Amino acid sequence: MPSTTNRHTPDLLDRTRLALQDDFLRAAVRFTADRLRDKKQSSTEEFGHWEEWRERGRAIRAHTINHLDYYLKQFVDQVRQTGGHVHFAKDAGEAVTSVMQIVREKKARSVVKSKSMVSEEIHINEHLIEAGIEVVETDLGEYIVQLAGETPSHIIIPAIHKTREQIKTLFTNAGGEHLTTDTKVLAGFARKTLREKFLKADIGITGCNFGIAESGTVVLYTNEGNADMVTNLPKTHIVLMGMERILPSFADLEVFANLLPRSATGQKLTTYMSMITGPRRQGDRDGAESLHIIILDNGRSEQLGDPEFQDILHCIRCGACLNVCPVYRQIGGHAYGSVYPGPIGAVLSPLLYQGKQYEDLPFASSLCGACYEACPVKIPIHDMLVRLRARKVRSGHVAKAEQLAFRGYKMIFSHHRRYRLAIKTGRVLQETMAQNGYIQSGFGPLAGWTESRYAPTLKEEPFRDKWEALSKTLKTKS
Amino acid sequence: MKVSLFTTCLVDSLFPNVAEAMVKILDRYGVEVDFPHGQTCCGQPAFNSGYVDEAREVAKTLLDAFDQSEYVVAPSGSCTGMIHHYYADLFAGLPDWEDKAERLINKTYEFSQFMVNVLGVTDLGARFPHRVAYHPSCHGARLLGIKNEPEQLLDHIQDIQRVNFPHAHDCCGFGGTFAIKMSDISGAMVEEKTKHVVESEAEVLVSTDMGCLMNIDGRLRYENQKVQVKHLAEVLYEGLPAEKE
């Protein structure tokens, strides 16, 4: 079942148009986003002092990122001390090479995965499949997306764009019998299918929500318990983590154990919080025999020291900004065309992959600031979007007509006489288009606007021309 | 007390009645109002599109026009937010302009904030016997930090019937040049907004920004709906009893 919102369609406007025509997608996204927002609101209100928690979260992340070299080294030292292996990857290619090397060494035939955005970022599935390895996503949402031959459309709810009916069809095609759209029935099918995969897998791959520097612990938040299976049943566990995923201590983790689930899904606590410190030790009853942690840079270190964008590394990938974004709500995740969708994706994608590919994404925002308001670590996403727009304009990758338009704007609006004259001229020009005080069908830059609404008309007299007469009627005079 | 009116280019050219209502209200409270003609626009259309230098040149008209003013009041949380939130950075390191920008930031208020927080007025003695819904503008609320000032003013109006609608705090899809550049998404957003407003059975939709209201009104007229849109200052002014001479 091909998705109508093919993220590989090159043009952002084409992708959004396709998404806007997909009523199933839009209904599904609205339904889940509303539910998550409501739950977040009630769980934060009940918790209390939310703004103080946010500020604490921001401060911890800022401190950690400001001293990332120190904490990252501490983390790595601790992981090695507990018997884990650490690999640094400067880009996606190096991360893939590290994974494939481990796969070859272990003569692995099958891999089970617990949801990881970094694994999406480096497109590891494609490489594994190409090498003849079976890859199975074990997070329910991600499993659905994998069966559909798609990619996640949300950072934490990968299949937010799918309806129950669509999921039932996918599962039936995957061998499910007598399925209904009931959550229990659908989850039951996935559970049974995935259990077999867990048991025979050679390698488990996970992401990492937080790496605790003081102990070298990898912390994973899941709701389905699949991470526990992925990290314990196969002999080898590979962790893919972004280099910024560090927290100094368990005391800091307490803050995020409260911030992350509430922001993400409105849960007080995540259902499973798995902590992995090193591989299985002698006498341990479970755990992988070997643990490999691949720490990915892939454009992140470029942001360190940049006063405009360093704060983007504070992100804890909760997806709260997606759930409140009025643009994401209308078009879903695939239309962004990047692994990271929504407001955070519109900032992160052009920062991690500089060049033309994602430089339009910062324009897919009305700059309403809902993302900042929802962000548990107070990243000023809306300000970053504006700065990225300026970066694009500076790079010169903009249409000539647009440059001319803003040169014209500067010329006209930088002096009140020229501005007043322009209003007067505009009034004459609009006469052919105006009907009952509105422009119902505009052309040029107005054409898009009037496709879904009327445009107002310039008034006979601007306020500045009325002022003299008006000021004479006022009582209060100097 | 002296107030210089920052009409904003949108109100000046498209909705002069809003500025007129504001002037008349301020006049009633003994505020001396003037209108410095040098002002044009806060620069936001260019700034938010990434044209920072162009925005700065236009913003200078405000710095010059209002340099001598005691207070500057605007019928817009968005344009006021632009000044408060971005002018310090926009003029950082530019001799003279930097100081002018700081002075402007410190004396510029959005209309409802000025009424409630500076004049200390919440009850204007207005009467407006209609069902009224309120749309909190994103920039006013999130960039500038308008809290419940507009609602305090609305709640003190006699015989007003406040109606709520779902997702009131969601953006209407205006976003300045966003509505031109990404008109499809913007159109879908305003469609959802008007759906909720119409379902609320409000007669009038009130806000503190004409950008949002222009967008929502455009959609309401397109759909041939009855709901009218009004700026908060218009509702307050229309509701005021006639003045005794």
# chains A, B, ... in the order shown; residues from 1 in each chain; ligands from 1

call {"tool": "select_by_dssp", "arguments": {"residues": "stretch 18-159 of chain B", "states": "alpha helix (DSSP H)", "output": "PyMOL selection string"}}
result
chain B and resi 18-28+44-47+52-65+77-90+97-107+111-113+138+149-155

call {"tool": "residues_around", "arguments": {"residues": "stretch 385-400 of chain A", "least_positions_apart": "2", "cutoff": "7 Å", "atoms": "only C-alpha atoms", "output": "ChimeraX atom specification"}}
result
/A:347,359,362-363,381-383,402-404 /B:48-52

call {"tool": "residues_around", "arguments": {"residues": "B:Asp53", "least_positions_apart": "4", "cutoff": "12 Å", "atoms": "only C-alpha atoms", "output": "ChimeraX atom specification"}}
result
/A:390,393-394,403,406-407,409-411,414 /B:43-49,57-60,90-91

call {"tool": "select_by_dssp", "arguments": {"residues": "stretch 41-186 of chain A", "states": "strand (DSSP E or B)", "output": "number ranges by chain"}}
result
A: 85-89, 110-113, 134-137

call {"tool": "write_last_selection", "arguments": {"atoms": "N, CA and C atoms", "output": "PDB file, in the first residue's frame"}}
result
ATOM      1  N   HIS A  85      31.547  -1.900  24.394  1.00  0.00           N
ATOM      2  CA  HIS A  85      32.382  -1.330  23.345  1.00  0.00           C
ATOM      3  C   HIS A  85      31.767  -0.029  22.867  1.00  0.00           C
ATOM      4  N   VAL A  86      32.630   0.946  22.585  1.00  0.00           N
ATOM      5  CA  VAL A  86      32.121   2.228  22.087  1.00  0.00           C
ATOM      6  C   VAL A  86      32.722   2.509  20.719  1.00  0.00           C
ATOM      7  N   HIS A  87      31.877   2.924  19.791  1.00  0.00           N
ATOM      8  CA  HIS A  87      32.334   3.299  18.449  1.00  0.00           C
ATOM      9  C   HIS A  87      31.845   4.719  18.184  1.00  0.00           C
ATOM     10  N   PHE A  88      32.731   5.558  17.698  1.00  0.00           N
ATOM     11  CA  PHE A  88      32.313   6.905  17.310  1.00  0.00           C
ATOM     12  C   PHE A  88      32.075   6.946  15.809  1.00  0.00           C
ATOM     13  N   ALA A  89      31.003   7.602  15.410  1.00  0.00           N
ATOM     14  CA  ALA A  89      30.709   7.722  13.977  1.00  0.00           C
ATOM     15  C   ALA A  89      30.536   9.194  13.647  1.00  0.00           C
ATOM     16  N   SER A 110      19.613 -12.402  11.581  1.00  0.00           N
ATOM     17  CA  SER A 110      18.392 -11.627  11.832  1.00  0.00           C
ATOM     18  C   SER A 110      18.605 -10.613  12.950  1.00  0.00           C
ATOM     19  N   VAL A 111      17.927  -9.469  12.782  1.00  0.00           N
ATOM     20  CA  VAL A 111      18.052  -8.351  13.715  1.00  0.00           C
ATOM     21  C   VAL A 111      16.657  -7.938  14.166  1.00  0.00           C
ATOM     22  N   VAL A 112      16.485  -7.730  15.462  1.00  0.00           N
ATOM     23  CA  VAL A 112      15.244  -7.113  15.940  1.00  0.00           C
ATOM     24  C   VAL A 112      15.590  -5.710  16.445  1.00  0.00           C
ATOM     25  N   LYS A 113      14.661  -4.802  16.230  1.00  0.00           N
ATOM     26  CA  LYS A 113      14.929  -3.414  16.608  1.00  0.00           C
ATOM     27  C   LYS A 113      13.849  -2.873  17.529  1.00  0.00           C
ATOM     28  N   GLU A 134      17.549 -10.328   7.962  1.00  0.00           N
ATOM     29  CA  GLU A 134      16.147 -10.025   8.266  1.00  0.00           C
ATOM     30  C   GLU A 134      16.101  -8.949   9.356  1.00  0.00           C
ATOM     31  N   VAL A 135      15.338  -7.900   9.120  1.00  0.00           N
ATOM     32  CA  VAL A 135      15.202  -6.826  10.114  1.00  0.00           C
ATOM     33  C   VAL A 135      13.742  -6.720  10.510  1.00  0.00           C
ATOM     34  N   VAL A 136      13.487  -6.749  11.796  1.00  0.00           N
ATOM     35  CA  VAL A 136      12.097  -6.610  12.238  1.00  0.00           C
ATOM     36  C   VAL A 136      11.998  -5.494  13.272  1.00  0.00           C
ATOM     37  N   GLU A 137      11.131  -4.555  12.984  1.00  0.00           N
ATOM     38  CA  GLU A 137      10.832  -3.491  13.940  1.00  0.00           C
ATOM     39  C   GLU A 137       9.863  -4.056  14.972  1.00  0.00           C
TER      40      GLU A 137
END

call {"tool": "interface_residues", "arguments": {"of": "chain A", "to": "chain B", "cutoff": "6 Å", "atoms": "only C-alpha atoms", "output": "list of chain:residue names"}}
result
A:Ser366, A:Cys368, A:Val386, A:Arg389, A:Ala390, A:Val393, A:Lys410, A:Phe413, A:Ser414, A:His416, A:Gly448, A:Trp449, A:Ser452, A:Arg453, A:Tyr454, A:Ala455, A:Leu458, A:Lys459, A:Pro462, A:Phe463, A:Thr476, A:Lys477

call {"tool": "closest_atom_pairs", "arguments": {"of": "stretch 83-190 of chain A", "to": "stretch 20-23 of chain A", "cutoff": "12 Å", "atoms": "only C-alpha atoms", "output": "Markdown table"}}
result
| residue | atom | partner | partner_atom | distance |
| --- | --- | --- | --- | --- |
| A:His161 | CA | A:Asp22 | CA | 10.0 |
| A:Lys162 | CA | A:Asp23 | CA | 11.0 |
| A:Thr163 | CA | A:Asp23 | CA | 10.7 |

call {"tool": "write_last_selection", "arguments": {"atoms": "all heavy atoms", "output": "compact mmCIF listing (two decimals), in the first residue's frame"}}
result
# COMPACT_ATOMS: atom_id res chain seq x y z
N HIS A 161 -0.27 8.31 11.36
CA HIS A 161 -1.05 8.62 10.16
C HIS A 161 -1.92 7.46 9.69
O HIS A 161 -2.60 7.57 8.69
CB HIS A 161 -0.10 9.04 9.03
CG HIS A 161 0.91 7.99 8.67
ND1 HIS A 161 1.93 7.62 9.51
CD2 HIS A 161 1.03 7.21 7.57
CE1 HIS A 161 2.66 6.66 8.93
NE2 HIS A 161 2.12 6.40 7.76
N LYS A 162 -1.88 6.36 10.41
CA LYS A 162 -2.64 5.19 9.97
C LYS A 162 -3.94 5.03 10.78
O LYS A 162 -3.96 5.22 12.00
CB LYS A 162 -1.81 3.91 10.19
CG LYS A 162 -0.64 3.80 9.21
CD LYS A 162 -1.10 3.19 7.91
CE LYS A 162 0.02 3.03 6.92
NZ LYS A 162 -0.10 3.94 5.76
N THR A 163 -5.00 4.65 10.08
CA THR A 163 -6.26 4.36 10.78
C THR A 163 -6.27 2.88 11.17
O THR A 163 -5.53 2.07 10.61
CB THR A 163 -7.48 4.63 9.87
OG1 THR A 163 -7.39 3.79 8.72
CG2 THR A 163 -7.50 6.09 9.41

call {"tool": "atom_distance", "arguments": {"atom1": "atom CA of A:Pro445", "atom2": "atom CA of A:Tyr328"}}
result
23.7 Å

call {"tool": "residues_around", "arguments": {"residues": "stretch 203-212 of chain B", "least_positions_apart": "3", "cutoff": "6 Å", "atoms": "only C-alpha atoms", "output": "MDAnalysis selection string"}}
result
chainID B and resid 76 131:135 174 215 227:232

call {"tool": "write_last_selection", "arguments": {"atoms": "C-alpha atoms", "output": "compact mmCIF listing (two decimals), in the first residue's frame"}}
result
# COMPACT_ATOMS: atom_id res chain seq x y z
CA SER B 76 -1.52 44.50 17.56
CA ARG B 131 -22.50 36.30 21.67
CA VAL B 132 -18.78 36.88 21.47
CA ALA B 133 -15.94 34.41 20.91
CA TYR B 134 -12.34 35.39 21.55
CA HIS B 135 -9.37 34.28 19.46
CA PHE B 174 -2.19 33.64 8.90
CA ASN B 215 -7.51 35.90 7.57
CA VAL B 227 -20.20 35.72 12.06
CA GLN B 228 -18.55 39.14 12.08
CA VAL B 229 -15.00 39.83 13.19
CA LYS B 230 -14.02 42.82 15.30
CA HIS B 231 -10.91 44.10 16.98
CA LEU B 232 -11.21 44.35 20.76

call {"tool": "residues_around", "arguments": {"residues": "A:Leu429", "least_positions_apart": "3", "cutoff": "12 Å", "atoms": "only C-alpha atoms", "output": "list in words"}}
result
Ala422, Ile423, Lys424, Thr425, Gly426, Thr432, Met433, Ala434, Ile439, Gly442, Thr457 and Leu458 of chain A

call {"tool": "residues_around", "arguments": {"residues": "A:Arg109", "least_positions_apart": "6", "cutoff": "10 Å", "atoms": "only C-alpha atoms", "output": "VMD selection string"}}
result
chain A and resid 103 128 131 to 135 200 to 203

call {"tool": "closest_atom_pairs", "arguments": {"of": "stretch 6-60 of chain A", "to": "stretch 252-267 of chain A", "cutoff": "6 Å", "atoms": "only C-alpha atoms", "output": "Markdown table"}}
result
| residue | atom | partner | partner_atom | distance |
| --- | --- | --- | --- | --- |
| A:Leu36 | CA | A:Thr265 | CA | 5.3 |
| A:Lys39 | CA | A:Gly266 | CA | 4.5 |
| A:Lys40 | CA | A:Gly266 | CA | 3.7 |
| A:Ser43 | CA | A:Gly266 | CA | 5.6 |

call {"tool": "write_last_selection", "arguments": {"atoms": "N, CA and C atoms", "output": "mmCIF file, in the first residue's frame"}}
result
data_model
loop_
_atom_site.group_PDB
_atom_site.id
_atom_site.type_symbol
_atom_site.label_atom_id
_atom_site.label_comp_id
_atom_site.auth_asym_id
_atom_site.auth_seq_id
_atom_site.Cartn_x
_atom_site.Cartn_y
_atom_site.Cartn_z
ATOM 1 N N LEU A 36 -3.357 13.166 22.571
ATOM 2 C CA LEU A 36 -2.088 13.358 23.271
ATOM 3 C C LEU A 36 -2.034 14.730 23.949
ATOM 4 N N LYS A 39 -4.198 14.673 27.056
ATOM 5 C CA LYS A 39 -3.557 13.905 28.131
ATOM 6 C C LYS A 39 -2.373 14.663 28.710
ATOM 7 N N LYS A 40 -1.637 15.324 27.837
ATOM 8 C CA LYS A 40 -0.492 16.094 28.332
ATOM 9 C C LYS A 40 -0.979 17.192 29.264
ATOM 10 N N SER A 43 -2.090 15.712 32.586
ATOM 11 C CA SER A 43 -1.006 15.136 33.399
ATOM 12 C C SER A 43 -0.038 16.210 33.906
#

call {"tool": "residues_around", "arguments": {"residues": "A:Phe198", "least_positions_apart": "5", "cutoff": "7 Å", "atoms": "only C-alpha atoms", "output": "ChimeraX atom specification"}}
result
/A:112,229-230,233

call {"tool": "write_last_selection", "arguments": {"atoms": "N, CA and C atoms", "output": "PDB file, in the first residue's frame"}}
result
ATOM      1  N   VAL A 112      16.485  -7.730  15.462  1.00  0.00           N
ATOM      2  CA  VAL A 112      15.244  -7.113  15.940  1.00  0.00           C
ATOM      3  C   VAL A 112      15.590  -5.710  16.445  1.00  0.00           C
ATOM      4  N   MET A 229      12.977  -6.996  25.532  1.00  0.00           N
ATOM      5  CA  MET A 229      13.212  -8.199  24.730  1.00  0.00           C
ATOM      6  C   MET A 229      14.421  -7.998  23.806  1.00  0.00           C
ATOM      7  N   VAL A 230      14.440  -6.846  23.148  1.00  0.00           N
ATOM      8  CA  VAL A 230      15.495  -6.566  22.167  1.00  0.00           C
ATOM      9  C   VAL A 230      16.867  -6.515  22.829  1.00  0.00           C
ATOM     10  N   LEU A 233      17.228 -10.693  24.818  1.00  0.00           N
ATOM     11  CA  LEU A 233      17.164 -12.005  24.186  1.00  0.00           C
ATOM     12  C   LEU A 233      18.287 -12.278  23.182  1.00  0.00           C
TER      13      LEU A 233
END
